[in-house]
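Structure file final-v7.txt; described as compact mmCIF, C-alpha atoms.
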# COMPACT_ATOMS: atom_id res chain seq x y z
CA MET A 151 -0.86 69.57 -18.96
CA ARG A 152 0.40 66.00 -18.91
CA THR A 153 -1.35 63.54 -21.20
CA ALA A 154 -1.62 59.76 -21.28
CA MET A 155 -0.08 59.55 -24.74
CA ARG A 156 1.81 56.31 -24.11
CA ARG A 157 -0.68 54.45 -26.26
CA GLY A 158 -0.01 52.10 -29.04
CA GLY A 159 -1.44 50.01 -26.79
CA ILE A 160 -2.93 46.65 -26.30
CA VAL A 161 -4.21 46.35 -29.83
CA ALA A 162 -0.93 47.22 -31.51
CA ALA A 163 1.00 44.76 -29.36
CA ALA A 164 -1.50 42.00 -29.90
CA ILE A 165 -1.74 42.57 -33.64
CA ALA A 166 2.01 42.55 -34.09
CA LEU A 167 2.35 39.26 -32.26
CA THR A 168 -0.62 37.63 -33.92
CA MET A 169 0.71 38.46 -37.37
CA GLY A 170 4.15 37.16 -36.43
CA ALA A 171 5.25 33.56 -36.55
CA ALA A 172 4.52 32.89 -32.88
CA GLY A 173 1.01 34.34 -33.01
CA CYS A 174 0.80 34.99 -29.29
CA THR A 175 -2.39 37.06 -29.02
CA ALA A 176 -5.28 38.38 -31.04
CA LEU A 177 -8.40 40.42 -30.46
CA ILE A 178 -12.08 39.92 -31.07
CA PRO A 179 -13.99 43.19 -30.74
CA SER A 180 -17.58 42.46 -29.78
CA PHE A 181 -19.50 45.46 -31.07
CA THR A 182 -23.24 45.39 -30.32
CA ASP A 183 -24.71 48.21 -32.39
CA ASP A 184 -28.12 46.53 -32.42
CA ALA A 185 -28.26 45.91 -28.69
CA ALA A 186 -31.49 47.05 -27.06
CA PRO A 187 -31.13 50.03 -24.71
CA ALA A 188 -31.46 49.38 -21.00
CA PRO A 189 -34.99 49.93 -19.72
CA ALA A 190 -35.66 53.15 -17.87
CA PRO A 191 -35.76 52.81 -14.07
CA THR A 192 -39.29 52.27 -12.86
CA SER A 193 -39.13 50.51 -9.52
CA GLN A 194 -39.83 52.25 -6.25
CA ALA A 195 -36.28 51.50 -5.07
CA GLU A 196 -34.79 53.19 -8.13
CA GLN A 197 -37.09 56.19 -7.72
CA SER A 198 -36.05 56.46 -4.08
CA LEU A 199 -32.42 56.35 -5.14
CA ASP A 200 -33.06 59.25 -7.52
CA GLY A 201 -34.47 61.31 -4.68
CA ALA A 202 -31.62 60.40 -2.34
CA CYS A 203 -29.05 61.23 -4.99
CA GLU A 204 -30.67 64.61 -5.55
CA THR A 205 -29.98 65.45 -1.90
CA VAL A 206 -26.46 64.00 -1.90
CA ASN A 207 -25.42 65.62 -5.17
CA ALA A 208 -26.66 69.01 -4.00
CA GLU A 209 -25.01 68.95 -0.56
CA TRP A 210 -22.26 66.36 -0.16
CA GLY A 211 -19.62 68.08 -2.30
CA PHE A 212 -20.10 71.47 -0.65
CA ALA A 213 -19.85 69.79 2.77
CA LEU A 214 -16.48 68.35 1.74
CA ASP A 215 -15.05 71.65 0.44
CA PRO A 216 -13.54 72.62 3.84
CA TRP A 217 -11.90 69.18 4.03
CA VAL A 218 -10.29 69.72 0.61
CA ALA A 219 -8.90 73.03 1.87
CA LEU A 220 -7.62 71.40 5.05
CA GLU A 221 -5.81 68.67 3.15
CA ALA A 222 -4.30 71.18 0.73
CA ASP A 223 -2.97 73.36 3.58
CA THR A 224 0.57 72.11 4.18
CA GLU A 225 1.78 75.29 5.88
CA SER A 226 -0.22 75.36 9.11
CA LYS A 227 0.99 73.10 11.90
CA ASP A 228 -2.03 73.81 14.10
CA PHE A 229 -3.25 70.24 14.00
CA GLU A 230 -5.72 70.67 16.84
CA ARG A 231 -7.50 73.37 14.84
CA LYS A 232 -7.46 71.15 11.77
CA ARG A 233 -8.97 68.30 13.75
CA THR A 234 -11.71 70.58 15.06
CA GLU A 235 -12.52 71.85 11.56
CA HIS A 236 -12.42 68.31 10.17
CA GLN A 237 -14.82 67.19 12.90
CA ALA A 238 -17.21 69.93 11.82
CA VAL A 239 -17.08 68.56 8.28
CA ILE A 240 -17.84 65.09 9.59
CA SER A 241 -20.85 66.38 11.53
CA THR A 242 -22.23 67.98 8.36
CA LEU A 243 -21.70 64.74 6.42
CA GLN A 244 -23.51 62.82 9.16
CA ASP A 245 -26.46 65.21 8.93
CA ILE A 246 -26.71 64.56 5.19
CA ALA A 247 -26.36 60.79 5.57
CA GLU A 248 -29.16 60.71 8.16
CA ARG A 249 -31.54 61.95 5.45
CA VAL A 250 -30.61 59.11 3.08
CA ASP A 251 -32.66 55.93 3.46
CA VAL A 252 -31.52 53.98 0.39
CA PRO A 253 -29.33 51.24 1.92
CA GLU A 254 -26.59 51.01 -0.72
CA LEU A 255 -26.12 54.78 -0.85
CA HIS A 256 -26.35 55.15 2.92
CA ASP A 257 -23.65 52.47 3.28
CA ALA A 258 -21.37 54.35 0.87
CA LEU A 259 -21.84 57.59 2.81
CA ASP A 260 -21.25 55.82 6.12
CA ALA A 261 -18.03 54.31 4.77
CA SER A 262 -16.83 57.77 3.78
CA ILE A 263 -17.75 59.22 7.17
CA ALA A 264 -15.99 56.37 8.99
CA ALA A 265 -12.79 56.95 7.00
CA HIS A 266 -12.93 60.69 7.73
CA GLN A 267 -13.48 59.99 11.44
CA GLN A 268 -10.51 57.62 11.57
CA TYR A 269 -8.40 60.21 9.80
CA ALA A 270 -9.46 62.97 12.20
CA ASP A 271 -8.89 60.82 15.28
CA THR A 272 -5.59 59.33 14.12
CA ILE A 273 -3.74 61.64 11.75
CA TRP A 274 -4.32 65.10 13.21
CA THR A 275 -3.82 63.80 16.75
CA GLY A 276 -0.74 61.84 15.71
CA LEU A 277 0.82 64.83 13.97
CA ALA A 278 0.12 67.03 17.01
CA ASP A 279 1.84 64.46 19.26
CA ILE A 280 5.09 64.36 17.29
CA PRO A 281 7.69 66.11 19.48
CA GLU A 282 9.16 69.36 18.21
CA GLY A 283 12.50 68.69 16.56
CA TYR A 284 11.70 65.01 15.99
CA VAL A 285 14.14 63.46 13.51
CA ALA A 286 12.55 60.80 11.34
CA ASN A 287 14.81 57.84 10.59
CA PRO A 288 13.57 56.19 7.35
CA ASP A 289 15.13 52.86 8.42
CA ASP A 290 13.36 52.81 11.79
CA PRO A 291 10.11 50.77 11.70
CA ALA A 292 8.93 52.88 14.65
CA ASN A 293 9.36 56.08 12.62
CA LEU A 294 6.30 58.12 13.61
CA VAL A 295 6.16 60.03 10.33
CA LEU A 296 6.32 56.80 8.31
CA ILE A 297 3.62 55.14 10.41
CA LEU A 298 1.30 58.13 10.09
CA GLY A 299 2.00 58.32 6.37
CA LYS A 300 0.90 54.71 5.87
CA GLN A 301 -2.22 55.26 7.97
CA LYS A 302 -3.03 58.45 6.06
CA SER A 303 -2.76 56.63 2.73
CA ALA A 304 -5.02 53.84 3.99
CA PHE A 305 -7.71 56.26 5.18
CA GLU A 306 -7.55 58.25 1.93
CA GLN A 307 -7.97 55.03 -0.04
CA GLN A 308 -11.04 54.18 2.03
CA MET A 309 -12.43 57.65 1.29
CA SER A 310 -11.73 57.17 -2.41
CA ASP A 311 -13.41 53.76 -2.47
CA ALA A 312 -16.49 55.22 -0.77
CA ASP A 313 -16.51 58.16 -3.21
CA VAL A 314 -16.46 55.75 -6.14
CA ARG A 315 -19.45 53.84 -4.73
CA ARG A 316 -21.35 57.13 -4.25
CA TYR A 317 -20.39 58.28 -7.75
CA GLU A 318 -21.46 54.99 -9.34
CA LEU A 319 -24.86 55.32 -7.65
CA CYS A 320 -25.44 59.05 -8.10
CA GLY A 321 -23.07 60.43 -10.70
CA VAL A 322 -21.32 63.79 -10.47
CA MET A 323 -22.12 66.01 -7.51
CA GLN A 324 -21.99 69.75 -7.10
CA SER A 325 -19.27 71.44 -5.08
CA GLY A 326 -17.20 74.58 -4.87
CA GLN A 327 -14.35 72.94 -6.77
CA THR A 328 -12.45 75.42 -8.93
CA ALA A 329 -11.34 74.72 -12.47
CA ALA A 330 -7.73 74.78 -11.27
CA GLN A 331 -8.46 72.10 -8.67
CA ALA A 332 -10.17 69.94 -11.29
CA CYS A 333 -7.22 70.37 -13.63
CA GLU A 334 -4.88 69.28 -10.85
CA VAL A 335 -6.77 65.96 -10.73
CA ALA A 336 -6.72 65.74 -14.53
CA ASN A 337 -2.99 66.38 -14.61
CA GLY A 338 -2.30 63.90 -11.82
CA ASP A 339 -4.50 60.95 -10.94
CA TRP A 340 -6.31 60.95 -14.30
CA VAL A 341 -3.15 60.78 -16.41
CA ASP A 342 -1.56 58.23 -14.09
CA ALA A 343 -4.63 56.01 -14.40
CA GLY A 344 -4.57 56.32 -18.19
CA LEU A 345 -0.94 55.21 -18.24
CA VAL A 346 -1.83 52.17 -16.14
CA PHE A 347 -4.59 51.26 -18.60
CA SER A 348 -2.39 51.71 -21.67
CA GLY A 349 0.46 49.84 -20.00
CA ALA A 350 -1.56 46.65 -20.34
CA SER A 351 -0.02 46.45 -23.81
CA ASN A 352 3.21 45.27 -22.18
CA ALA A 353 1.47 42.17 -20.86
CA ALA A 354 -0.26 41.68 -24.20
CA ALA A 355 3.12 41.84 -25.92
CA ARG A 356 4.26 38.94 -23.72
CA GLY A 357 1.16 36.98 -24.67
CA ASP A 358 -0.17 37.15 -21.10
CA VAL A 359 -3.84 37.83 -21.81
CA ALA A 360 -4.99 37.50 -18.18
CA ALA A 361 -2.39 39.99 -16.94
CA ALA A 362 -3.26 42.45 -19.71
CA GLN A 363 -6.94 42.29 -18.82
CA LEU A 364 -6.25 42.67 -15.09
CA GLN A 365 -4.04 45.72 -15.64
CA ALA A 366 -6.56 47.34 -17.96
CA ALA A 367 -9.32 46.69 -15.41
CA ASP A 368 -7.15 48.26 -12.69
CA GLY A 369 -6.53 51.27 -14.92
CA LEU A 370 -10.25 51.64 -15.58
CA ALA A 371 -10.97 51.50 -11.84
CA GLN A 372 -8.36 54.21 -11.24
CA LEU A 373 -9.92 56.32 -13.99
CA THR A 374 -13.28 55.99 -12.23
CA ALA A 375 -11.73 57.08 -8.93
CA ALA A 376 -10.16 60.12 -10.61
CA LEU A 377 -13.39 61.06 -12.37
CA ALA A 378 -15.29 60.82 -9.07
CA GLN A 379 -13.06 63.62 -7.71
CA VAL A 380 -14.02 66.11 -10.43
CA THR A 381 -17.08 68.33 -10.22
CA ASP A 382 -16.05 71.34 -12.32
CA PRO A 383 -18.55 71.10 -15.22
CA GLU A 384 -16.18 71.77 -18.12
CA ALA A 385 -13.40 69.50 -16.91
CA TYR A 386 -15.87 66.79 -15.92
CA ALA A 387 -17.57 66.83 -19.33
CA GLU A 388 -14.28 66.29 -21.17
CA MET A 389 -13.06 63.61 -18.77
CA ALA A 390 -16.40 61.81 -18.86
CA ARG A 391 -16.25 61.64 -22.66
CA MET A 392 -12.76 60.19 -22.47
CA TYR A 393 -13.87 57.75 -19.80
CA ASP A 394 -16.61 56.50 -22.13
CA ALA A 395 -13.94 55.86 -24.78
CA TYR A 396 -11.80 53.93 -22.29
CA GLU A 397 -14.78 51.90 -21.11
CA THR A 398 -15.95 51.07 -24.65
CA TYR A 399 -12.46 50.00 -25.68
CA TYR A 400 -12.13 47.86 -22.56
CA GLU A 401 -15.48 46.13 -23.05
CA ASP A 402 -15.26 45.67 -26.82
CA VAL A 403 -11.58 44.85 -27.18
CA VAL A 404 -9.63 44.14 -23.99
CA THR A 405 -12.11 41.68 -22.52
CA THR A 406 -12.09 39.70 -25.77
CA LEU A 407 -8.36 39.19 -26.17
CA LEU A 408 -7.55 35.71 -27.47
CA THR A 409 -4.92 33.42 -26.06
CA GLU A 410 -2.20 32.07 -28.33
CA GLU A 411 -4.04 28.76 -28.68
CA GLN A 412 -7.32 30.47 -29.61
CA ALA A 413 -5.61 32.68 -32.17
CA LEU A 414 -3.89 29.75 -33.84
CA GLN A 415 -7.20 27.93 -34.24
CA LEU A 416 -8.76 30.72 -36.31
CA PRO A 417 -8.77 30.50 -40.12
CA ALA A 418 -6.57 33.17 -41.67
CA ASP A 419 -9.47 35.15 -43.14
CA GLU A 420 -11.31 35.28 -39.80
CA LEU A 421 -8.15 36.32 -38.00
CA ASP A 422 -7.57 39.07 -40.56
CA ALA A 423 -11.15 40.29 -40.09
CA TYR A 424 -10.82 40.35 -36.31
CA ILE A 425 -7.53 42.21 -36.52
CA ALA A 426 -9.05 44.77 -38.90
CA GLU A 427 -11.97 45.40 -36.54
CA ALA A 428 -9.64 45.62 -33.55
CA ASP A 429 -7.41 48.05 -35.41
CA ALA A 430 -10.44 50.18 -36.23
CA ALA A 431 -11.55 50.10 -32.58
CA PHE A 432 -8.09 51.21 -31.50
CA THR A 433 -8.17 54.11 -33.94
CA VAL A 434 -11.55 55.29 -32.62
CA TRP A 435 -10.29 55.03 -29.02
CA ASP A 436 -7.00 56.77 -29.71
CA GLU A 437 -8.62 59.61 -31.68
CA ALA A 438 -11.24 60.15 -28.96
CA LEU A 439 -8.56 60.38 -26.26
CA THR A 440 -6.28 62.60 -28.34
CA ALA A 441 -9.11 65.04 -29.05
CA GLY A 442 -10.27 65.00 -25.43
CA GLU A 443 -6.76 65.54 -24.09
CA GLU A 444 -6.26 68.48 -26.43
CA ARG A 445 -9.52 70.13 -25.37
CA LEU A 446 -8.83 69.51 -21.69
CA SER A 447 -5.26 70.80 -22.01
CA THR A 448 -6.55 73.97 -23.66
CA TYR A 449 -9.15 74.44 -20.93
CA CYS A 450 -6.64 73.86 -18.13
CA ALA A 451 -4.04 76.13 -19.72
CA GLY A 452 -6.55 78.95 -19.35
CA GLN A 453 -6.74 78.32 -15.59
CA GLU A 454 -3.04 78.77 -14.90

Structure rendered as structure tokens:
Amino acid sequence: MRTAMRRGGIVAAAIALTMGAAGCTALIPSFTDDAAPAPAPTSQAEQSLDGACETVNAEWGFALDPWVALEADTESKDFERKRTEHQAVISTLQDIAERVDVPELHDALDASIAAHQQYADTIWTGLADIPEGYVANPDDPANLVLILGKQKSAFEQQMSDADVRRYELCGVMQSGQTAAQACEVANGDWVDAGLVFSGASNAAARGDVAAAQLQAADGLAQLTAALAQVTDPEAYAEMARMYDAYETYYEDVVTTLLTEEQALQLPADELDAYIAEADAAFTVWDEALTAGEERLSTYCAGQE
């Protein structure tokens, strides 16, 4: 299995520059060990959300299983049948959404349904309408395959965005996802997202704190989107632990990067202390990801 091992990351780049003559960046980890835990949900709205999520988590993933199979089937060219089967999935999703009254969750489900409907109406129909023997010219802006490909990507992104909103409200759902399917996500979108996050070190090495933070935030968002796709319990548990490590590192270290001017204003002993804490935070993050990647790789190797 691929791993996001291109780390050395943001901390290493920032430390090297801060200790150099130019002193471009530094880090201030903001650990809050004594922070009070968030209060348990008690409001009626939160209790209603719990009940709505119970329904969604029990049914939504299984309703989407036929769609996953449809999208994975690249052999069949019977696009009318695929549209019909996709429409059946949409009808099931609509039935579930009608039983959800919590506005923010209902909106997320509606957004997902709308994206699926646009896909069914546009992509399957468009593919069915492409003439037999059609030759796609990559330089032709009217290339039907290219146009459909862009539309397909846009609809899938809308589905992903809606899935993330549902996941953030309700957490992991149940589905018929196999371990192999979960490992495909782990080996693809999850690793790619981790590389985006770790690649923020390149911006940090240039002393561009804002760019480093933006890239790390983008990587974290992509990690969330990947995690929202996984329902296999074993794979999800490992990925969720790694996600926690990413999130902690982002909140405690990346968001507190210092600009060159801020770093130069610190007394040497304070700068040394901040660097030591940041280095320790990096070690914890790197060890957590290394261990998680090894366990996940072992698990996925058993599914091949």

Query - Distance criterion (all atoms listed in the file): nearest to Asn337 of chain A out of A:Phe432, A:Ala261, A:Met389, A:Ala286 - result: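 Checking each of A:Phe432, A:Ala261, A:Met389, A:Ala286 against Asn337 of chain A, counting all atoms listed in the file, the winner is A:Met389.
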
**Report entry** Length of the atom CA of Ala362 of chain A to atom CA of Glu410 of chain A vector [Å]
**Finding:**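 Value for the atom CA of Ala362 of chain A-atom CA of Glu410 of chain A distance: 13.5 Å.
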
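Of the listed residues (A:Ala219, A:Val295, A:Leu199, A:Ala270), A:Leu199 comes nearest to Asp251 of chain A; the distances count only C-alpha atoms.
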
Report task. Show which residues sit within 9 Å of segment 232-249 of chain A, as JSON, numbers by chain. Count all atoms listed in the file, and ignore same-chain residues fewer than 5 positions away. Result -> {"A": [202, 205, 206, 209, 210, 213, 214, 215, 216, 217, 220, 226, 227, 255, 256, 259, 260, 262, 263, 264, 266, 267, 270, 271, 273, 274, 275]}

Go ahead and save the picked residues with C-alpha atoms, as an mmCIF file, keeping the file's coordinate frame.
data_model
loop_
_atom_site.group_PDB
_atom_site.id
_atom_site.type_symbol
_atom_site.label_atom_id
_atom_site.label_comp_id
_atom_site.auth_asym_id
_atom_site.auth_seq_id
_atom_site.Cartn_x
_atom_site.Cartn_y
_atom_site.Cartn_z
ATOM 1 C CA ALA A 202 -31.620 60.400 -2.340
ATOM 2 C CA THR A 205 -29.980 65.450 -1.900
ATOM 3 C CA VAL A 206 -26.460 64.000 -1.900
ATOM 4 C CA GLU A 209 -25.010 68.950 -0.560
ATOM 5 C CA TRP A 210 -22.260 66.360 -0.160
ATOM 6 C CA ALA A 213 -19.850 69.790 2.770
ATOM 7 C CA LEU A 214 -16.480 68.350 1.740
ATOM 8 C CA ASP A 215 -15.050 71.650 0.440
ATOM 9 C CA PRO A 216 -13.540 72.620 3.840
ATOM 10 C CA TRP A 217 -11.900 69.180 4.030
ATOM 11 C CA LEU A 220 -7.620 71.400 5.050
ATOM 12 C CA SER A 226 -0.220 75.360 9.110
ATOM 13 C CA LYS A 227 0.990 73.100 11.900
ATOM 14 C CA LEU A 255 -26.120 54.780 -0.850
ATOM 15 C CA HIS A 256 -26.350 55.150 2.920
ATOM 16 C CA LEU A 259 -21.840 57.590 2.810
ATOM 17 C CA ASP A 260 -21.250 55.820 6.120
ATOM 18 C CA SER A 262 -16.830 57.770 3.780
ATOM 19 C CA ILE A 263 -17.750 59.220 7.170
ATOM 20 C CA ALA A 264 -15.990 56.370 8.990
ATOM 21 C CA HIS A 266 -12.930 60.690 7.730
ATOM 22 C CA GLN A 267 -13.480 59.990 11.440
ATOM 23 C CA ALA A 270 -9.460 62.970 12.200
ATOM 24 C CA ASP A 271 -8.890 60.820 15.280
ATOM 25 C CA ILE A 273 -3.740 61.640 11.750
ATOM 26 C CA TRP A 274 -4.320 65.100 13.210
ATOM 27 C CA THR A 275 -3.820 63.800 16.750
#

Requested in this report: Find the residues around Glu318 of chain A up to 12 Å (only C-alpha atoms counted), leave out those fewer than 4 positions away in its own chain, and share them as a PyMOL selection string.
Outcome: chain A and resi 199+203+254-255+258+311-314+322-323+371+374-375+377-378

Query - Between atom CA of Ala353 of chain A and atom CA of Leu373 of chain A, distance in Å (one decimal) - result: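 If I compute the distance from atom CA of Ala353 of chain A to atom CA of Leu373 of chain A, I get 19.4 Å.
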
**Report entry** atom CA of Leu298 of chain A to atom CA of Asp339 of chain A, distance in Å rounded to a single decimal
**Finding:**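 Pair atom CA of Leu298 of chain A / atom CA of Asp339 of chain A returns 22.0 Å.
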
Size and centre in Å, one decimal, axis-aligned box, all listed segment 336-354 of chain A atoms plus 4 Å per side, as JSON:
{"center_x": -1.8, "center_y": 54.0, "center_z": -17.6, "size_x": 17.9, "size_y": 32.7, "size_z": 21.3}

Could you pull segment 251-280 of chain A out of the block above and save it with C-alpha atoms, as a CSV table (one decimal), in the first residue's frame?
chain,number,residue,atom,x,y,z
A,251,ASP,CA,-36.2,17.0,10.0
A,252,VAL,CA,-33.0,18.5,11.3
A,253,PRO,CA,-32.3,21.4,8.9
A,254,GLU,CA,-28.6,21.2,8.6
A,255,LEU,CA,-28.6,17.5,8.0
A,256,HIS,CA,-31.5,17.6,5.7
A,257,ASP,CA,-29.7,20.2,3.6
A,258,ALA,CA,-26.6,18.0,3.4
A,259,LEU,CA,-28.7,15.1,2.2
A,260,ASP,CA,-30.6,17.2,-0.3
A,261,ALA,CA,-27.3,18.5,-1.7
A,262,SER,CA,-26.2,14.9,-2.2
A,263,ILE,CA,-29.4,13.9,-3.8
A,264,ALA,CA,-29.3,16.9,-6.2
A,265,ALA,CA,-25.8,16.0,-7.3
A,266,HIS,CA,-26.8,12.4,-7.9
A,267,GLN,CA,-29.9,13.6,-9.9
A,268,GLN,CA,-27.7,15.9,-12.0
A,269,TYR,CA,-25.3,13.1,-12.6
A,270,ALA,CA,-28.1,10.7,-13.6
A,271,ASP,CA,-29.8,13.2,-15.9
A,272,THR,CA,-26.6,14.4,-17.5
A,273,ILE,CA,-23.8,11.8,-17.5
A,274,TRP,CA,-25.7,8.6,-18.3
A,275,THR,CA,-27.8,10.3,-20.9
A,276,GLY,CA,-24.8,12.1,-22.4
A,277,LEU,CA,-22.8,8.8,-22.6
A,278,ALA,CA,-25.8,7.1,-24.2
A,279,ASP,CA,-26.0,9.9,-26.8
A,280,ILE,CA,-22.4,9.6,-28.0
